[in-house]
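Participant: Supplied structure: final_21.pdb, PDB, C-alpha atoms, pLDDT in the B column.
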ATOM      1  CA  MET A 772    -263.682-205.666 -80.015  1.00 95.00           C
ATOM      2  CA  GLU A 773    -262.571-208.537 -77.827  1.00 96.00           C
ATOM      3  CA  LEU A 774    -259.319-207.987 -75.927  1.00 96.00           C
ATOM      4  CA  LYS A 775    -258.322-210.135 -73.006  1.00 96.00           C
ATOM      5  CA  PHE A 776    -256.234-208.401 -70.356  1.00 94.00           C
ATOM      6  CA  LEU A 777    -253.983-210.420 -68.091  1.00 92.00           C
ATOM      7  CA  GLU A 778    -251.198-209.120 -65.892  1.00 89.00           C
ATOM      8  CA  ASN A 779    -248.867-207.251 -68.243  1.00 93.00           C
ATOM      9  CA  GLN A 780    -250.325-209.122 -71.187  1.00 96.00           C
ATOM     10  CA  VAL A 781    -253.044-208.528 -73.728  1.00 97.00           C
ATOM     11  CA  GLU A 782    -254.535-211.191 -75.954  1.00 98.00           C
ATOM     12  CA  ILE A 783    -256.208-210.611 -79.281  1.00 98.00           C
ATOM     13  CA  GLU A 784    -257.585-212.939 -81.958  1.00 97.00           C
ATOM     14  CA  LYS A 785    -258.235-211.419 -85.345  1.00 97.00           C
ATOM     15  CA  GLU A 786    -258.046-212.005 -89.079  1.00 96.00           C
ATOM     16  CA  LEU A 787    -254.350-211.539 -89.786  1.00 97.00           C
ATOM     17  CA  ASN A 788    -253.276-209.118 -92.508  1.00 96.00           C
ATOM     18  CA  GLU A 789    -250.021-209.336 -94.497  1.00 95.00           C
ATOM     19  CA  LEU A 790    -248.257-206.936 -92.130  1.00 96.00           C
ATOM     20  CA  ASP A 791    -249.213-209.066 -89.109  1.00 97.00           C
ATOM     21  CA  LYS A 792    -247.911-212.192 -90.846  1.00 97.00           C
ATOM     22  CA  PHE A 793    -244.648-210.447 -91.766  1.00 97.00           C
ATOM     23  CA  VAL A 794    -244.062-209.314 -88.183  1.00 97.00           C
ATOM     24  CA  ILE A 795    -244.966-212.715 -86.733  1.00 98.00           C
ATOM     25  CA  LYS A 796    -242.551-214.451 -89.112  1.00 97.00           C
ATOM     26  CA  PHE A 797    -239.692-212.183 -88.056  1.00 98.00           C
ATOM     27  CA  THR A 798    -240.352-212.050 -84.322  1.00 98.00           C
ATOM     28  CA  ASP A 799    -240.720-215.829 -84.244  1.00 98.00           C
ATOM     29  CA  ILE A 800    -236.977-216.003 -84.983  1.00 98.00           C
ATOM     30  CA  LEU A 801    -236.203-213.661 -82.084  1.00 98.00           C
ATOM     31  CA  ASN A 802    -238.501-215.586 -79.750  1.00 98.00           C
ATOM     32  CA  LYS A 803    -236.863-218.897 -80.654  1.00 98.00           C
ATOM     33  CA  LEU A 804    -233.383-217.487 -80.042  1.00 98.00           C
ATOM     34  CA  ASN A 805    -234.527-215.943 -76.735  1.00 98.00           C
ATOM     35  CA  ILE A 806    -233.492-212.506 -77.872  1.00 98.00           C
ATOM     36  CA  LYS A 807    -235.155-209.662 -76.007  1.00 98.00           C
ATOM     37  CA  TYR A 808    -236.914-207.195 -78.270  1.00 98.00           C
ATOM     38  CA  VAL A 809    -239.704-204.706 -78.223  1.00 98.00           C
ATOM     39  CA  ILE A 810    -241.804-203.335 -81.065  1.00 98.00           C
ATOM     40  CA  VAL A 811    -242.033-199.569 -80.789  1.00 96.00           C
ATOM     41  CA  SER A 812    -243.482-198.252 -84.014  1.00 85.00           C
ATOM     42  CA  GLY A 813    -246.916-197.403 -85.331  1.00 92.00           C
ATOM     43  CA  TYR A 814    -247.459-201.104 -85.860  1.00 96.00           C
ATOM     44  CA  VAL A 815    -248.452-201.255 -82.170  1.00 97.00           C
ATOM     45  CA  SER A 816    -251.608-199.332 -83.006  1.00 97.00           C
ATOM     46  CA  ILE A 817    -252.189-201.415 -86.158  1.00 96.00           C
ATOM     47  CA  ILE A 818    -252.264-204.662 -84.114  1.00 97.00           C
ATOM     48  CA  PHE A 819    -255.225-203.219 -82.271  1.00 97.00           C
ATOM     49  CA  GLY A 820    -257.146-202.115 -85.342  1.00 96.00           C
ATOM     50  CA  ARG A 821    -255.800-198.748 -86.475  1.00 95.00           C
ATOM     51  CA  ASN A 822    -256.712-198.596 -90.105  1.00 92.00           C
ATOM     52  CA  ARG A 823    -253.473-197.659 -91.786  1.00 89.00           C
ATOM     53  CA  SER A 824    -250.472-199.455 -93.134  1.00 87.00           C
ATOM     54  CA  SER A 825    -246.806-198.964 -92.432  1.00 90.00           C
ATOM     55  CA  GLU A 826    -243.705-199.462 -94.527  1.00 91.00           C
ATOM     56  CA  ASP A 827    -241.463-200.134 -91.556  1.00 92.00           C
ATOM     57  CA  ILE A 828    -241.724-201.778 -88.184  1.00 96.00           C
ATOM     58  CA  ASP A 829    -239.261-200.519 -85.572  1.00 95.00           C
ATOM     59  CA  LEU A 830    -237.749-202.948 -83.104  1.00 97.00           C
ATOM     60  CA  ILE A 831    -235.275-202.387 -80.304  1.00 97.00           C
ATOM     61  CA  ILE A 832    -233.343-205.557 -79.585  1.00 98.00           C
ATOM     62  CA  GLU A 833    -231.010-206.295 -76.720  1.00 98.00           C
ATOM     63  CA  LYS A 834    -227.339-205.583 -77.353  1.00 98.00           C
ATOM     64  CA  LEU A 835    -225.906-208.857 -78.670  1.00 98.00           C
ATOM     65  CA  ASP A 836    -222.332-210.060 -78.752  1.00 98.00           C
ATOM     66  CA  TYR A 837    -221.013-210.992 -82.181  1.00 98.00           C
ATOM     67  CA  ASP A 838    -221.567-214.750 -81.726  1.00 97.00           C
ATOM     68  CA  LYS A 839    -225.217-214.311 -80.931  1.00 97.00           C
ATOM     69  CA  PHE A 840    -225.633-211.772 -83.710  1.00 98.00           C
ATOM     70  CA  ASN A 841    -224.036-214.299 -86.078  1.00 97.00           C
ATOM     71  CA  LYS A 842    -226.686-216.902 -85.180  1.00 97.00           C
ATOM     72  CA  LEU A 843    -229.459-214.370 -85.581  1.00 98.00           C
ATOM     73  CA  TRP A 844    -228.117-213.116 -88.932  1.00 98.00           C
ATOM     74  CA  HIS A 845    -228.077-216.629 -90.401  1.00 97.00           C
ATOM     75  CA  LYS A 846    -231.561-217.496 -89.156  1.00 97.00           C
ATOM     76  CA  ILE A 847    -232.956-214.263 -90.531  1.00 98.00           C
ATOM     77  CA  LEU A 848    -231.298-214.724 -93.905  1.00 97.00           C
ATOM     78  CA  TYR A 849    -233.198-217.963 -94.562  1.00 95.00           C
ATOM     79  CA  ASN A 850    -236.243-215.868 -95.417  1.00 93.00           C
ATOM     80  CA  PHE A 851    -235.235-212.229 -95.395  1.00 97.00           C
ATOM     81  CA  ASP A 852    -232.681-209.930 -97.032  1.00 96.00           C
ATOM     82  CA  CYS A 853    -230.830-207.219 -95.202  1.00 97.00           C
ATOM     83  CA  ILE A 854    -231.569-204.202 -97.389  1.00 95.00           C
ATOM     84  CA  ILE A 855    -228.886-202.005 -95.803  1.00 95.00           C
ATOM     85  CA  THR A 856    -225.829-204.180 -96.264  1.00 95.00           C
ATOM     86  CA  GLU A 857    -225.134-207.723 -97.366  1.00 94.00           C
ATOM     87  CA  ASN A 858    -222.056-207.879 -95.213  1.00 96.00           C
ATOM     88  CA  GLN A 859    -222.638-209.383 -91.785  1.00 97.00           C
ATOM     89  CA  GLU A 860    -219.601-207.790 -90.108  1.00 97.00           C
ATOM     90  CA  ASN A 861    -220.500-204.450 -91.579  1.00 97.00           C
ATOM     91  CA  ALA A 862    -224.043-204.804 -90.264  1.00 97.00           C
ATOM     92  CA  TYR A 863    -222.781-205.513 -86.753  1.00 98.00           C
ATOM     93  CA  PHE A 864    -219.705-203.323 -86.401  1.00 98.00           C
ATOM     94  CA  GLU A 865    -220.515-200.388 -88.675  1.00 97.00           C
ATOM     95  CA  TYR A 866    -224.240-200.175 -88.084  1.00 96.00           C
ATOM     96  CA  LEU A 867    -225.540-201.723 -84.883  1.00 97.00           C
ATOM     97  CA  LEU A 868    -222.528-201.015 -82.687  1.00 97.00           C
ATOM     98  CA  LYS A 869    -222.402-197.457 -83.979  1.00 96.00           C
ATOM     99  CA  ASP A 870    -226.018-196.844 -82.973  1.00 93.00           C
ATOM    100  CA  ASN A 871    -227.377-197.155 -86.481  1.00 94.00           C
ATOM    101  CA  SER A 872    -230.175-199.467 -87.492  1.00 95.00           C
ATOM    102  CA  ILE A 873    -230.346-202.225 -90.082  1.00 96.00           C
ATOM    103  CA  ARG A 874    -233.416-203.256 -92.018  1.00 95.00           C
ATOM    104  CA  PHE A 875    -234.711-206.580 -93.255  1.00 97.00           C
ATOM    105  CA  ALA A 876    -237.367-207.246 -95.865  1.00 96.00           C
ATOM    106  CA  GLU A 877    -238.711-210.483 -97.275  1.00 95.00           C
ATOM    107  CA  ARG A 878    -236.499-211.861-100.007  1.00 94.00           C
ATOM    108  CA  GLY A 879    -236.630-209.709-103.123  1.00 92.00           C
ATOM    109  CA  LYS A 880    -238.797-207.043-101.502  1.00 92.00           C
ATOM    110  CA  PHE A 881    -238.024-203.632-100.058  1.00 93.00           C
ATOM    111  CA  ILE A 882    -241.207-202.856 -98.155  1.00 91.00           C
ATOM    112  CA  PRO A 883    -242.464-203.567 -95.630  1.00 94.00           C
ATOM    113  CA  ASN A 884    -239.256-203.868 -93.681  1.00 95.00           C
ATOM    114  CA  ILE A 885    -238.234-204.445 -90.096  1.00 97.00           C
ATOM    115  CA  GLU A 886    -235.797-201.928 -88.656  1.00 96.00           C
ATOM    116  CA  ILE A 887    -233.724-203.204 -85.752  1.00 97.00           C
ATOM    117  CA  LYS A 888    -231.360-201.307 -83.510  1.00 96.00           C
ATOM    118  CA  PHE A 889    -229.637-201.770 -80.183  1.00 97.00           C
ATOM    119  CA  PRO A 890    -230.902-199.599 -77.332  1.00 96.00           C
ATOM    120  CA  LYS A 891    -229.337-196.126 -77.498  1.00 92.00           C
ATOM    121  CA  THR A 892    -231.061-194.031 -74.874  1.00 94.00           C
ATOM    122  CA  GLU A 893    -232.164-194.621 -71.296  1.00 94.00           C
ATOM    123  CA  LEU A 894    -235.704-194.636 -72.599  1.00 94.00           C
ATOM    124  CA  ASP A 895    -234.824-197.378 -75.137  1.00 94.00           C
ATOM    125  CA  LYS A 896    -233.368-199.464 -72.293  1.00 95.00           C
ATOM    126  CA  TRP A 897    -236.456-198.959 -70.125  1.00 96.00           C
ATOM    127  CA  THR A 898    -238.752-199.872 -73.028  1.00 96.00           C
ATOM    128  CA  LEU A 899    -236.822-203.071 -73.647  1.00 97.00           C
ATOM    129  CA  GLN A 900    -236.823-204.028 -69.971  1.00 97.00           C
ATOM    130  CA  ASN A 901    -240.532-203.314 -69.483  1.00 96.00           C
ATOM    131  CA  PRO A 902    -242.429-204.635 -72.486  1.00 97.00           C
ATOM    132  CA  LEU A 903    -246.075-205.513 -72.755  1.00 98.00           C
ATOM    133  CA  LYS A 904    -246.672-209.063 -73.955  1.00 98.00           C
ATOM    134  CA  ALA A 905    -249.165-209.253 -76.781  1.00 98.00           C
ATOM    135  CA  SER A 906    -250.598-212.555 -77.877  1.00 98.00           C
ATOM    136  CA  LEU A 907    -251.738-212.162 -81.478  1.00 98.00           C
ATOM    137  CA  ASN A 908    -253.617-215.320 -82.522  1.00 98.00           C
ATOM    138  CA  ASP A 909    -251.393-217.182 -80.033  1.00 97.00           C
ATOM    139  CA  ASN A 910    -248.206-215.664 -81.448  1.00 98.00           C
ATOM    140  CA  LEU A 911    -246.158-213.888 -78.807  1.00 97.00           C
ATOM    141  CA  LEU A 912    -245.035-210.335 -79.530  1.00 98.00           C
ATOM    142  CA  PHE A 913    -243.272-207.978 -77.145  1.00 98.00           C
ATOM    143  CA  ILE A 914    -244.545-204.454 -77.640  1.00 98.00           C
ATOM    144  CA  SER A 915    -243.931-201.107 -76.020  1.00 97.00           C
ATOM    145  CA  LYS A 916    -246.081-200.400 -72.986  1.00 97.00           C
ATOM    146  CA  ILE A 917    -249.116-198.415 -74.073  1.00 97.00           C
ATOM    147  CA  GLU A 918    -248.504-195.952 -71.201  1.00 97.00           C
ATOM    148  CA  LEU A 919    -245.234-195.039 -72.934  1.00 96.00           C
ATOM    149  CA  GLN A 920    -246.360-195.474 -76.519  1.00 97.00           C
ATOM    150  CA  ILE A 921    -249.062-192.786 -76.196  1.00 97.00           C
ATOM    151  CA  PRO A 922    -246.812-190.049 -74.698  1.00 96.00           C
ATOM    152  CA  PHE A 923    -243.969-190.950 -77.057  1.00 95.00           C
ATOM    153  CA  LYS A 924    -246.220-190.600 -80.076  1.00 96.00           C
ATOM    154  CA  PHE A 925    -247.170-187.109 -78.859  1.00 96.00           C
ATOM    155  CA  PHE A 926    -243.480-186.396 -78.376  1.00 95.00           C
ATOM    156  CA  LEU A 927    -242.772-187.391 -82.005  1.00 94.00           C
ATOM    157  CA  GLY A 928    -245.591-185.080 -82.917  1.00 94.00           C
ATOM    158  CA  SER A 929    -246.448-185.628 -86.593  1.00 94.00           C
ATOM    159  CA  GLU A 930    -250.136-185.713 -87.486  1.00 94.00           C
ATOM    160  CA  LYS A 931    -249.886-189.486 -88.009  1.00 95.00           C
ATOM    161  CA  ASP A 932    -248.252-189.926 -84.585  1.00 95.00           C
ATOM    162  CA  ILE A 933    -250.913-187.835 -82.842  1.00 96.00           C
ATOM    163  CA  GLU A 934    -253.614-189.877 -84.575  1.00 96.00           C
ATOM    164  CA  ASP A 935    -251.948-193.101 -83.391  1.00 97.00           C
ATOM    165  CA  ALA A 936    -251.764-191.778 -79.814  1.00 97.00           C
ATOM    166  CA  LYS A 937    -255.386-190.726 -79.822  1.00 97.00           C
ATOM    167  CA  TYR A 938    -256.451-194.085 -81.225  1.00 97.00           C
ATOM    168  CA  LEU A 939    -254.477-196.089 -78.650  1.00 97.00           C
ATOM    169  CA  TYR A 940    -255.906-193.995 -75.844  1.00 97.00           C
ATOM    170  CA  ALA A 941    -259.461-194.530 -77.101  1.00 96.00           C
ATOM    171  CA  ILE A 942    -258.944-198.304 -77.203  1.00 97.00           C
ATOM    172  CA  PHE A 943    -257.007-198.751 -73.950  1.00 96.00           C
ATOM    173  CA  LYS A 944    -258.281-195.919 -71.743  1.00 95.00           C
ATOM    174  CA  ASN A 945    -259.945-198.199 -69.193  1.00 94.00           C
ATOM    175  CA  HIS A 946    -256.877-200.419 -68.849  1.00 95.00           C
ATOM    176  CA  LEU A 947    -254.067-197.893 -68.489  1.00 96.00           C
ATOM    177  CA  ASP A 948    -251.848-197.228 -65.505  1.00 95.00           C
ATOM    178  CA  ILE A 949    -252.680-193.523 -65.445  1.00 96.00           C
ATOM    179  CA  GLU A 950    -249.899-192.691 -62.990  1.00 97.00           C
ATOM    180  CA  LEU A 951    -247.307-194.205 -65.317  1.00 97.00           C
ATOM    181  CA  LEU A 952    -248.809-192.467 -68.355  1.00 97.00           C
ATOM    182  CA  GLU A 953    -248.812-189.095 -66.583  1.00 96.00           C
ATOM    183  CA  ASP A 954    -245.237-189.590 -65.424  1.00 96.00           C
ATOM    184  CA  PHE A 955    -244.146-190.084 -69.052  1.00 96.00           C
ATOM    185  CA  ASN A 956    -246.274-187.106 -70.112  1.00 97.00           C
ATOM    186  CA  ARG A 957    -244.386-184.919 -67.648  1.00 97.00           C
ATOM    187  CA  LYS A 958    -240.947-186.315 -68.465  1.00 95.00           C
ATOM    188  CA  LEU A 959    -241.470-185.981 -72.209  1.00 95.00           C
ATOM    189  CA  LYS A 960    -242.984-182.536 -71.643  1.00 96.00           C
ATOM    190  CA  ILE A 961    -246.099-183.268 -73.643  1.00 96.00           C
ATOM    191  CA  VAL A 962    -248.726-182.589 -70.939  1.00 96.00           C
ATOM    192  CA  GLU A 963    -250.131-179.673 -72.915  1.00 96.00           C
ATOM    193  CA  LEU A 964    -250.408-181.705 -76.117  1.00 95.00           C
ATOM    194  CA  PHE A 965    -251.991-184.599 -74.225  1.00 97.00           C
ATOM    195  CA  ASN A 966    -254.560-182.259 -72.684  1.00 96.00           C
ATOM    196  CA  LYS A 967    -255.240-180.602 -76.020  1.00 95.00           C
ATOM    197  CA  TYR A 968    -255.906-183.772 -77.964  1.00 95.00           C
ATOM    198  CA  ILE A 969    -257.150-186.202 -75.339  1.00 93.00           C
ATOM    199  CA  LYS A 970    -258.478-184.578 -72.223  1.00 78.00           C
ATOM    200  CA  THR A 971    -260.691-182.250 -74.234  1.00 65.00           C
ATOM    201  CA  SER A 972    -262.034-184.979 -76.501  1.00 60.00           C
ATOM    202  CA  LYS A 973    -265.079-187.147 -76.072  1.00 54.00           C
ATOM    203  CA  ASN A 974    -262.789-189.999 -75.137  1.00 50.00           C
ATOM    204  CA  SER A 975    -261.295-188.371 -72.058  1.00 52.00           C
ATOM    205  CA  LEU A 976    -261.546-189.957 -68.646  1.00 48.00           C
ATOM    206  CA  LYS A 977    -264.296-188.181 -66.736  1.00 41.00           C
TER     207      LYS A 977
ATOM    208  CA  MET B1430    -250.876-170.556-117.742  1.00 89.00           C
ATOM    209  CA  LYS B1431    -252.528-168.213-115.286  1.00 87.00           C
ATOM    210  CA  THR B1432    -252.558-169.513-111.739  1.00 81.00           C
ATOM    211  CA  PRO B1433    -254.920-168.404-108.964  1.00 84.00           C
ATOM    212  CA  ASP B1434    -253.991-166.098-106.108  1.00 88.00           C
ATOM    213  CA  ILE B1435    -253.167-168.216-103.085  1.00 87.00           C
ATOM    214  CA  ASP B1436    -254.174-167.187 -99.586  1.00 91.00           C
ATOM    215  CA  LEU B1437    -251.771-169.116 -97.350  1.00 92.00           C
ATOM    216  CA  GLU B1438    -253.752-168.240 -94.217  1.00 92.00           C
ATOM    217  CA  GLU B1439    -256.833-169.758 -95.790  1.00 91.00           C
ATOM    218  CA  LEU B1440    -254.884-172.907 -96.680  1.00 90.00           C
ATOM    219  CA  LYS B1441    -253.489-173.081 -93.143  1.00 92.00           C
ATOM    220  CA  ARG B1442    -257.048-173.002 -91.776  1.00 92.00           C
ATOM    221  CA  PHE B1443    -258.010-175.693 -94.289  1.00 90.00           C
ATOM    222  CA  LYS B1444    -255.100-177.876 -93.127  1.00 91.00           C
ATOM    223  CA  GLU B1445    -255.967-177.408 -89.437  1.00 93.00           C
ATOM    224  CA  ASN B1446    -259.606-178.171 -90.076  1.00 91.00           C
ATOM    225  CA  ASN B1447    -258.714-181.259 -92.086  1.00 90.00           C
ATOM    226  CA  PHE B1448    -256.577-182.588 -89.211  1.00 94.00           C
ATOM    227  CA  LYS B1449    -259.340-181.806 -86.689  1.00 92.00           C
ATOM    228  CA  GLU B1450    -261.830-183.748 -88.803  1.00 91.00           C
ATOM    229  CA  ARG B1451    -259.441-186.710 -89.028  1.00 92.00           C
ATOM    230  CA  LEU B1452    -259.047-186.721 -85.237  1.00 94.00           C
ATOM    231  CA  GLU B1453    -262.819-186.664 -84.828  1.00 93.00           C
ATOM    232  CA  PHE B1454    -263.033-189.552 -87.255  1.00 92.00           C
ATOM    233  CA  ILE B1455    -260.532-191.509 -85.134  1.00 93.00           C
ATOM    234  CA  ASP B1456    -262.842-191.134 -82.124  1.00 93.00           C
ATOM    235  CA  ARG B1457    -265.741-192.434 -84.207  1.00 93.00           C
ATOM    236  CA  TYR B1458    -263.656-195.251 -85.672  1.00 94.00           C
ATOM    237  CA  ALA B1459    -262.414-196.360 -82.224  1.00 96.00           C
ATOM    238  CA  GLU B1460    -266.009-196.405 -80.975  1.00 95.00           C
ATOM    239  CA  TRP B1461    -267.016-198.506 -83.988  1.00 94.00           C
ATOM    240  CA  ILE B1462    -264.107-200.922 -83.430  1.00 95.00           C
ATOM    241  CA  LYS B1463    -265.051-201.373 -79.777  1.00 95.00           C
ATOM    242  CA  LYS B1464    -268.660-202.174 -80.693  1.00 95.00           C
ATOM    243  CA  ASN B1465    -267.793-204.705 -83.378  1.00 96.00           C
ATOM    244  CA  SER B1466    -266.279-208.173 -83.233  1.00 97.00           C
ATOM    245  CA  ASN B1467    -262.594-208.711 -84.018  1.00 96.00           C
ATOM    246  CA  SER B1468    -263.509-210.768 -87.080  1.00 96.00           C
ATOM    247  CA  GLU B1469    -265.669-207.919 -88.411  1.00 95.00           C
ATOM    248  CA  TRP B1470    -263.157-205.062 -88.054  1.00 96.00           C
ATOM    249  CA  SER B1471    -260.049-207.121 -88.837  1.00 96.00           C
ATOM    250  CA  SER B1472    -261.513-208.388 -92.132  1.00 94.00           C
ATOM    251  CA  GLN B1473    -262.041-204.735 -93.136  1.00 93.00           C
ATOM    252  CA  GLN B1474    -258.603-203.687 -91.873  1.00 93.00           C
ATOM    253  CA  LYS B1475    -257.058-206.526 -93.875  1.00 93.00           C
ATOM    254  CA  VAL B1476    -258.464-205.120 -97.126  1.00 91.00           C
ATOM    255  CA  ILE B1477    -256.724-201.771 -96.543  1.00 90.00           C
ATOM    256  CA  ILE B1478    -253.401-203.180 -95.345  1.00 92.00           C
ATOM    257  CA  ASN B1479    -253.131-205.889 -97.993  1.00 91.00           C
ATOM    258  CA  GLN B1480    -253.686-203.400-100.850  1.00 84.00           C
TER     259      GLN B1480
END
Show how you would write the structure in this file as structure tokens.
Facilitator:
Amino acid sequence: MELKFLENQVEIEKELNELDKFVIKFTDILNKLNIKYVIVSGYVSIIFGRNRSSEDIDLIIEKLDYDKFNKLWHKILYNFDCIITENQENAYFEYLLKDNSIRFAERGKFIPNIEIKFPKTELDKWTLQNPLKASLNDNLLFISKIELQIPFKFFLGSEKDIEDAKYLYAIFKNHLDIELLEDFNRKLKIVELFNKYIKTSKNSLK
Amino acid sequence: MKTPDIDLEELKRFKENNFKERLEFIDRYAEWIKKNSNSEWSSQQKVIINQ
């Protein structure tokens, strides 16, 4: 595997799959409108080779005023449908502003879909303010820091999440800010889980 | 139709063992990914994801 690490950035060149192309097409709109976002779902592990698919890609986007949301809505609707509501005001006032998410899929499709929400928690805000830049075949994506993604996956705790965490650790273990990772482990109270599944495995730091 | 007796403890052990084996496979898979070129692993990943 060839990954290039720069300061707060990782570059990867690979054969793109349909999920990659879908995400690139959507995030390109956000990049062009200078809207801050961060990808937080299992797709982060898929970028770096995890061999599974996903029906939804979770994004936190900065809280937008209605004018900016209006621009975004119209750009998105060139190629995508909102599968939650067709009504733009409803999407903004009844969903996003009320801490609910909205989902977009390519026209006429239901999956995969992109789920976007405004930041709700302090952790959401931190994630959005401190993304990792990923260059995927020269396409810029903002993704959750791996030092948070691993502990958060343990916090979520399903078998799939634990597998994602273990995979990300195996791939990134020599490039992680261990202090930051351990801080999140403590704050999310998953130190025991982390030790159980990572420190005792062959992939632990020794 | 007669159904078998089910030992839930036995099934629980089966489930735990299955998960353990999947985690071990992830270690092996990550090692394989790291040893192979991006074009090699991503062409295989593409087959699964594009299904």
Participant: Counting only C-alpha atoms, which residues in chain B sit no more than 7 Å from region 815-832 of chain A? For each one, give the nearest pair of atoms and the distance in Å, sorted by chain then residue number, as CSV.
Facilitator:
residue,atom,partner,partner_atom,distance
B:Ser1471,CA,A:Gly820,CA,6.8
B:Gln1474,CA,A:Asn822,CA,5.7
B:Ile1478,CA,A:Ser824,CA,5.2
Participant: Please provide the set of residues having any atom within 10 Å of region 911-920 of chain A, restricted to all atoms listed in the file, with same-chain residues fewer than 6 positions apart removed, written as a VMD selection string.
Facilitator: chain A and resid 779 to 780 782 794 to 795 798 to 799 801 to 802 807 to 816 830 to 831 894 to 895 897 to 905 926 932 935 to 936 939 to 940 943 to 944 946 to 956 959
Participant: Please identify every residue of chain B that has at least one atom no farther than 10 Å from an atom of chain A, counting all atoms listed in the file, and for each give the shortest atom pair and the distance in Å to one decimal, arranged by chain then increasing number, as a Markdown table.
Facilitator:
| residue | atom | partner | partner_atom | distance |
| --- | --- | --- | --- | --- |
| B:Phe1448 | CA | A:Glu930 | CA | 7.4 |
| B:Lys1449 | CA | A:Tyr968 | CA | 9.6 |
| B:Arg1451 | CA | A:Glu934 | CA | 8.0 |
| B:Leu1452 | CA | A:Glu934 | CA | 6.3 |
| B:Glu1453 | CA | A:Ser972 | CA | 8.5 |
| B:Phe1454 | CA | A:Glu934 | CA | 9.8 |
| B:Ile1455 | CA | A:Tyr938 | CA | 6.2 |
| B:Asp1456 | CA | A:Ala941 | CA | 6.9 |
| B:Arg1457 | CA | A:Ala941 | CA | 9.7 |
| B:Tyr1458 | CA | A:Tyr938 | CA | 8.5 |
| B:Ala1459 | CA | A:Ala941 | CA | 6.2 |
| B:Glu1460 | CA | A:Ala941 | CA | 7.8 |
| B:Trp1461 | CA | A:Met772 | CA | 8.8 |
| B:Ile1462 | CA | A:Met772 | CA | 5.9 |
| B:Lys1463 | CA | A:Met772 | CA | 4.5 |
| B:Lys1464 | CA | A:Met772 | CA | 6.1 |
| B:Asn1465 | CA | A:Met772 | CA | 5.4 |
| B:Ser1466 | CA | A:Met772 | CA | 4.8 |
| B:Asn1467 | CA | A:Met772 | CA | 5.1 |
| B:Ser1468 | CA | A:Lys785 | CA | 5.6 |
| B:Glu1469 | CA | A:Glu786 | CA | 8.7 |
| B:Trp1470 | CA | A:Gly820 | CA | 7.2 |
| B:Ser1471 | CA | A:Glu786 | CA | 5.3 |
| B:Ser1472 | CA | A:Glu786 | CA | 5.9 |
| B:Gln1473 | CA | A:Asn822 | CA | 8.7 |
| B:Gln1474 | CA | A:Asn822 | CA | 5.7 |
| B:Lys1475 | CA | A:Asn788 | CA | 4.8 |
| B:Val1476 | CA | A:Asn788 | CA | 8.0 |
| B:Ile1477 | CA | A:Arg823 | CA | 7.1 |
| B:Ile1478 | CA | A:Ser824 | CA | 5.2 |
| B:Asn1479 | CA | A:Glu789 | CA | 5.8 |
| B:Gln1480 | CA | A:Ser824 | CA | 9.2 |
Participant: What does the distance from CA of Asn850 (chain A) to CA of Lys834 (chain A) come to in Å, to one decimal?
Facilitator: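 CA of Asn850 (chain A) sits 22.6 Å away from CA of Lys834 (chain A).
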Participant: For CA of Asn884 (chain A) and CA of Ile855 (chain A), determine how far apart the two atoms are, in Å to one decimal place.
Facilitator: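 Going from CA of Asn884 (chain A) over to CA of Ile855 (chain A) covers 10.7 Å.
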Participant: In Å, rounded to a single decimal, give me how far CA of Asp852 (chain A) is from CA of Ala876 (chain A).
Facilitator: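 Between CA of Ala876 (chain A) and CA of Asp852 (chain A) the gap works out to 5.5 Å.
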Participant: Here's the selection I'm unsure about, the PyMOL selection byres ((chain A and resi 859) around 12); applied to the file above, which residues does it give, as a list in words?
Facilitator: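 Checking the PyMOL selection byres ((chain A and resi 859) around 12) against this file, the residues are Tyr837, Asp838, Phe840, Asn841, Lys842, Leu843, Trp844, His845, Ile847, Leu848, Asp852, Cys853, Ile854, Ile855, Thr856, Glu857, Asn858, Glu860, Asn861, Ala862, Tyr863, Phe864, Glu865, Tyr866, Leu867 and Ile873 of chain A.
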Participant: Identify which of the residues A:Ile806, A:Ile882, A:Leu777, A:Leu868 lies closest to Phe793 (chain A), counting all atoms listed in the file when measuring atom-to-atom distances.
Facilitator: A:Ile882
